[in-house]
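As structure tokens, the structure follows; a few thoughts come after it.
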Amino acid sequence: MHRLAAAPHIVWSVLFIIAPLMFVIYYTFTDANGKFTFSNIASLAQASYFEIFMRSICFALIATAVCLVIAYPIAYFISKAKPKTQKILMMLVMLPMWTNFLIRTYSWMALLEDTGIINTFLGKIGLGPIHMINTAGAVILGMVYNYLPYMILPIYSVMSKIDVKLIEAAYDLGSNPFQVLTGVIFPLSLSGVISGVTMVFVPSISTFYISQKLGGGNFDLIGDTIERQFQTAYNYNLGAAISFVLMILIMISMGIMNKYSDGETEVVV
Amino acid sequence: MNRKKIIELKNVAKSFDGEVVLDHINLDVYEKEFITLLGPSGCGKTTTLRIIAGFVTPDTGDVMFDGVKINDVPPYKRHVNTVFQKYALFPHLNVYENIAFALRLKKTSEEEIYKRVEEMLAMVNLAGFEKKDVNLLSGGQQQRVAIARALINNPRVLLLDEPLGALDLKLRKDMQNELKNIQRKTGITFIYVTHDQEEALSMSDTVVVMADGKIQQIGSPTDIYNEPENAFVADFIGESNILDGVMLDDYKARFSGHDFECLDKGFAKNEAVDVVVRPEDVDVVDPEKGMLKGVVDSVTFKGVHYEIIVTIDNFKWMIQSTDYVKPGQKIGIYIEPDAIHIMKKSEYSDMFGDYSSFSDELEHLSDATEEEE
């Protein structure tokens with residue numbers, strides 16, 4: 001009976017997770033003629049690819065850090081609000097996700113362009129224009145904007161479950177408000193922070209399109225490189241090799257996160 | 001009296017959402033005493049405790065500590081610590097770190113922390129539990145950790161909010177004794193909140209009976225039991241027969257159609273009063289020798305005594321006696337003058353009748369749920 005109930009999941013996993021993974025591995029280690037080779041992986045050992053990988057990691061780390069810094073106080077503030085207000089605030093956090101990802105990114109282009117809405121406004125009050133589009137900052141902004149809800153959500157959900165009595169106990173034992181935050185609230189919300197960091201870092205490092213639109217093609221990221229191999233260069237083998245390396249990279253970073261989480265809250269994505 | 005006041009509440013009032021929770025209460029707490037706030041849920045006892053701890057600011061009135069007003073002093077700057085109702089142990093810290101929490105905040109040296117934590121663990125009989133995960137401890141053990149954590153700071157006053165509420169009966173009794181011992185040993189003032197009258201009577205130096213946001217009576221356990229101030233206190237503390245009566249003169253009361261000698265005086269002539277007679281103070285005698293006569297309704301064996309319900313003059317008395325009588329039997333009762341306690345009429349006078357039903361008692365028993373603000 002139990003086995004039967006698991007059948008759809010097994011079929012799903014085989015069809016859409018295991019099989020594609022096998023294809024990635026197959027293409028990674030074969031050449032255009034289907035012969036076994038390491039040359040795809042070996043060809044990645046070039047300064048240009050190294051630069052792309054480093055840039056992607058760097059951008060993803062910055063975006064994750066910025067998300068954390070913005071999301072933590074927001075999550076804390078929401079968890080402190082009245083239950084009814086909490087619902088409304090969480091809906092507002094999720095609201096941008098109702099709009100399509102592409103449209104959101106295009107909207108940012110319209111906002112950030114040299115003749116865009118922000119610069120027109122800045123120009124009117126004599127502060128601009130400031131060049132914003134096609135900079136690294138714009139790319140990271142795009143990532144932060146798109147993935148921020150994934151950081152707020154898990155932190156908020158853990159924080160809202162912290163027993164008020166624990167916070168009172170900390171005050172009672174002599175903690176000032178800052179010590180309550182560092183000594184009780186932060187450690188108890190750590191599992192939320194870890195899932196939030198994972199949920200932002202993983203899509204950030206593999207994202208494409210954001211950097212093409214907001215970075216003006218100046219900041220090639222792993223995602224864009226993979227896309228190009230499949231869409232433009234039709235080099236499936238190289239594209240698969242890059243994906244494969246990215247996968248290993250993500251697995252390593254998740255391993256590190258799991259180590260930090262003390263095994264208490266396994267990171268699952 | 002040369003005892004020193006440590007905490008004073010002066011005319012303290014508090015409302016939540018327009019609902020009066022504390023109605024101008026005055027309370028003095030003395031050094032080294034074990035004082036209990038006793039009352040049914042919603043009487044304001046937990047709010048009183050939270051005002052002293054600093055989690056609730058009174059709407060009006062003053063909270064004094066050592067004669068200094070502390071209304072606006074935040075909880076972390078007060079010399080009081082709290083044992084919370086459900087312990088509120090930090091789940092991310094082990095037993096040692098939970099107890100050491102307050103000392104760590106004060107940048108105490110590691111050796112000093114170690115010494116103090118070991119002392120505390122020994123005091124609450126948890127030596128060897130340092131590394132244990134608090135989430136895996138039993139209720140009684142968690143309770144001990146909570147007490148050790150609150151006491152390590154050497155607070156001037158320890159606040160205990162129904163600390164034994166979640167423990168089973170046997171464990172409660174043990175912990176009552178232990179708490180009392182700890183209080184004697186440390187000499188720290190304990191302010192204890194409970195709805196359990198037996199717990200209050202057996203542990204406290206002073207009992208404060210509260211109801212409807214007001215203090216009904218403050219006194220020693222014996223005073224509270226023997227000389228209840230009004231019908232509420234008489235009913236809430238122990239069993240009692242509360243009758244309507246008239247004070248004919250000093251030392252002379254009339255109730256149930258009979259004139260009784262008593263030890264109370266100072267009432268107006270023919271003043272209507274409430275009369276309390278404790279069930280254990282009523283003697284069962286032959287009908288012809290009795291001051292009052294009635295027919296036995298029911299008899300219940302309670303172990304140490306029989307609980308007899310007898311109807312006299314349309315009032316159902318409860319009598320506790322070691323002598324067996326049969327239901328339907330005609331008996332007389334005899335009441336000594338010192339068994340009669342006279343109280344002024346109060347707003348509670350008509351709320352507590354005779355023993356025709358036990359609904360009132362059951363309500364008190366079932367209000368073990370925590371008090372909501």
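The way I read the labels, and the way they are meant: chains A, B, ... in the order of the structure tokens, residue 1 as the first residue of every chain, and ligand 1 as the first ligand shown, with later ones counted on from there.
The alpha helix (DSSP H) portion of range 186-265 of chain B consists of B:Thr186, B:Gln197, B:Glu198, B:Glu199, B:Ala200, B:Leu201, B:Ser202, B:Met203, B:Pro221, B:Thr222, B:Asp223, B:Ile224, B:Tyr225, B:Asn226, B:Ala231, B:Phe232, B:Val233, B:Ala234, B:Asp235, B:Phe236, with states taken from DSSP on the backbone.
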Rows by chain and residue number, chain A within 6 Å of chain B, shortest pair, only C-alpha atoms, as JSON lines:
```
{"residue": "A:Lys165", "atom": "CA", "partner": "B:Ala88", "partner_atom": "CA", "distance": 5.8}
{"residue": "A:Leu166", "atom": "CA", "partner": "B:Ala88", "partner_atom": "CA", "distance": 5.2}
{"residue": "A:Tyr171", "atom": "CA", "partner": "B:Tyr76", "partner_atom": "CA", "distance": 5.0}
{"residue": "A:Asp172", "atom": "CA", "partner": "B:Tyr76", "partner_atom": "CA", "distance": 5.3}
{"residue": "A:Leu173", "atom": "CA", "partner": "B:Ala102", "partner_atom": "CA", "distance": 5.1}
{"residue": "A:Gly174", "atom": "CA", "partner": "B:Tyr76", "partner_atom": "CA", "distance": 4.0}
{"residue": "A:Ser175", "atom": "CA", "partner": "B:Tyr76", "partner_atom": "CA", "distance": 5.7}
```
Would you pick out the contacts of Pro96 in chain A at 12 Å or less, using only C-alpha atoms, so that residues sharing its chain but fewer than 3 positions from it are not included, and give the list as a list in words?
Met90, Met91, Leu92, Val93, Thr99, Asn100, Phe101, Leu102, Ile103, Arg104, Thr105, Ser107, Tyr145, Asn146, Tyr147, Leu148, Pro149 and Tyr150 of chain A
Saved selection, atoms kept: C-alpha atoms, as a PDB file, in the first residue's frame:
```pdb
ATOM      1  CA  MET A  90       3.427  38.718   4.065  1.00  0.00           C
ATOM      2  CA  MET A  91       1.062  39.127   1.138  1.00  0.00           C
ATOM      3  CA  LEU A  92       2.881  42.345   0.212  1.00  0.00           C
ATOM      4  CA  VAL A  93       6.199  40.485   0.364  1.00  0.00           C
ATOM      5  CA  THR A  99       4.137  39.232 -11.851  1.00  0.00           C
ATOM      6  CA  ASN A 100       6.218  37.345 -14.375  1.00  0.00           C
ATOM      7  CA  PHE A 101       9.969  37.273 -13.783  1.00  0.00           C
ATOM      8  CA  LEU A 102      10.732  38.720 -17.249  1.00  0.00           C
ATOM      9  CA  ILE A 103       8.317  41.591 -16.812  1.00  0.00           C
ATOM     10  CA  ARG A 104       9.798  42.427 -13.439  1.00  0.00           C
ATOM     11  CA  THR A 105      13.275  42.536 -14.963  1.00  0.00           C
ATOM     12  CA  SER A 107      10.485  47.019 -15.426  1.00  0.00           C
ATOM     13  CA  TYR A 145      14.816  42.161  -5.936  1.00  0.00           C
ATOM     14  CA  ASN A 146      13.859  38.825  -7.455  1.00  0.00           C
ATOM     15  CA  TYR A 147      15.029  36.563  -4.660  1.00  0.00           C
ATOM     16  CA  LEU A 148      14.334  38.686  -1.553  1.00  0.00           C
ATOM     17  CA  PRO A 149      11.003  36.951  -0.779  1.00  0.00           C
ATOM     18  CA  TYR A 150      12.843  33.619  -0.613  1.00  0.00           C
TER      19      TYR A 150
END
```
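Counting only C-alpha atoms and comparing B:Asp133, B:Asp281, B:Asp313, B:Glu307, the residue that lies closest to Gly257 in chain B is B:Asp313.
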Quick one: everything within 7 Å of range 161-174 of chain B, counting only C-alpha atoms, minus sequence neighbours fewer than 3 positions away in the same chain. Send it as a ChimeraX atom specification.
/B:46,83-85,139-140,177-178,192-194
Kindly assemble as CSV a list of the range 65-182 of chain B residues that lie within 8 Å of range 1-20 of chain B, each paired with its nearest atom pair and their distance in Å to one decimal, using only C-alpha atoms, sorted first by chain and then by ascending residue number.
```
residue,atom,partner,partner_atom,distance
B:Phe65,CA,B:Ile7,CA,4.7
B:Asp66,CA,B:Ile6,CA,4.9
B:Gly67,CA,B:Ile6,CA,7.4
```
Need the shell around range 58-60 of chain A: protein/DNA/RNA residues with any atom at most 6 Å away, counting only C-alpha atoms. Skip same-chain ones fewer than 6 positions apart. Format as a VMD selection string?
chain A and resid 201 204 to 205
Selected residues, C-alpha atoms, written as a CSV table (one decimal), in the first residue's frame, please.
```
chain,number,residue,atom,x,y,z
A,201,PHE,CA,22.3,31.7,-3.2
A,204,SER,CA,21.4,33.6,-7.8
A,205,ILE,CA,24.5,31.6,-8.8
```
Of B:Val246, B:Cys43, B:Met351, B:Ala127, the one nearest to Ala234 in chain B when counting only C-alpha atoms is B:Met351
Using only C-alpha atoms, the residue out of A:Met257, A:Leu4, A:Ala240, A:Val24 with shortest distance to Leu190 in chain A is A:Met257
For range 221-224 of chain A: contacts at 6 Å, only C-alpha atoms, fewer than 6 positions along chain excluded, given as a PyMOL selection string
chain A and resi 52+56+206-208
How would the residues just chosen look if you wrote them out with all heavy atoms as a PDB file, in the first residue's frame?
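The new file selection_4.pdb reads:
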```pdb
ATOM      1  N   ILE A  52      34.323  33.874 -15.249  1.00  0.00           N
ATOM      2  CA  ILE A  52      32.858  33.792 -15.201  1.00  0.00           C
ATOM      3  C   ILE A  52      32.390  33.119 -13.917  1.00  0.00           C
ATOM      4  O   ILE A  52      31.482  33.600 -13.241  1.00  0.00           O
ATOM      5  CB  ILE A  52      32.323  33.034 -16.445  1.00  0.00           C
ATOM      6  CG1 ILE A  52      32.518  33.883 -17.696  1.00  0.00           C
ATOM      7  CG2 ILE A  52      30.849  32.662 -16.257  1.00  0.00           C
ATOM      8  CD1 ILE A  52      32.299  33.129 -18.989  1.00  0.00           C
ATOM      9  N   SER A  56      30.263  34.884 -10.967  1.00  0.00           N
ATOM     10  CA  SER A  56      28.957  34.358 -10.559  1.00  0.00           C
ATOM     11  C   SER A  56      28.913  34.110  -9.057  1.00  0.00           C
ATOM     12  O   SER A  56      27.943  34.474  -8.387  1.00  0.00           O
ATOM     13  CB  SER A  56      28.668  33.045 -11.279  1.00  0.00           C
ATOM     14  OG  SER A  56      28.549  33.290 -12.654  1.00  0.00           O
ATOM     15  N   SER A 206      23.009  30.518 -10.364  1.00  0.00           N
ATOM     16  CA  SER A 206      22.724  29.894 -11.652  1.00  0.00           C
ATOM     17  C   SER A 206      21.813  30.759 -12.526  1.00  0.00           C
ATOM     18  O   SER A 206      21.364  30.328 -13.563  1.00  0.00           O
ATOM     19  CB  SER A 206      22.082  28.521 -11.419  1.00  0.00           C
ATOM     20  OG  SER A 206      20.946  28.668 -10.608  1.00  0.00           O
ATOM     21  N   THR A 207      21.562  31.980 -12.078  1.00  0.00           N
ATOM     22  CA  THR A 207      20.596  32.795 -12.808  1.00  0.00           C
ATOM     23  C   THR A 207      21.129  33.220 -14.183  1.00  0.00           C
ATOM     24  O   THR A 207      22.333  33.358 -14.392  1.00  0.00           O
ATOM     25  CB  THR A 207      20.206  34.050 -12.002  1.00  0.00           C
ATOM     26  OG1 THR A 207      19.104  34.669 -12.660  1.00  0.00           O
ATOM     27  CG2 THR A 207      21.341  35.044 -11.929  1.00  0.00           C
ATOM     28  N   PHE A 208      20.238  33.411 -15.112  1.00  0.00           N
ATOM     29  CA  PHE A 208      20.608  34.018 -16.386  1.00  0.00           C
ATOM     30  C   PHE A 208      19.571  35.093 -16.679  1.00  0.00           C
ATOM     31  O   PHE A 208      18.642  35.297 -15.905  1.00  0.00           O
ATOM     32  CB  PHE A 208      20.686  32.969 -17.504  1.00  0.00           C
ATOM     33  CG  PHE A 208      19.367  32.394 -17.907  1.00  0.00           C
ATOM     34  CD1 PHE A 208      18.771  32.739 -19.110  1.00  0.00           C
ATOM     35  CD2 PHE A 208      18.717  31.506 -17.062  1.00  0.00           C
ATOM     36  CE1 PHE A 208      17.547  32.203 -19.471  1.00  0.00           C
ATOM     37  CE2 PHE A 208      17.498  30.962 -17.421  1.00  0.00           C
ATOM     38  CZ  PHE A 208      16.913  31.320 -18.625  1.00  0.00           C
TER      39      PHE A 208
END
```
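Coordinates place CA of Leu159 in chain B at a distance of 4.9 Å from CA of Ile191 in chain B.
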Which distance in Å separates CA of Glu168 in chain A and CA of Leu181 in chain A, to one decimal?
11.8 Å
Write out as an MDAnalysis selection string all residues of range 186-332 of chain B that backbone DSSP assigns to strand (DSSP E or B).
chainID B and resid 189:194 206:211 214:219 241:249 252:255 258:261 271:277 282:285 292:301 306:312 315:321 330:332
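For the pair CA of Gly183 in chain A and CA of Asp163 in chain A, the separation is 14.2 Å.
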Contact residues around Val295 in chain B with only C-alpha atoms at 12 Å, ignoring same-chain residues under 3 positions, as a PyMOL selection string
chain B and resi 284+286-287+292+298-299+308-317+325-333
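Proximity ranking of B:Phe255, B:Tyr334, B:Phe267, B:Tyr306 relative to Asp283 in chain B places B:Tyr334 first, based on only C-alpha atoms.
For the set A:Tyr234, A:Met54, A:Leu89, A:Ser79, the residue with the smallest atom-to-atom gap to Val158 in chain A is A:Ser79, counting only C-alpha atoms.
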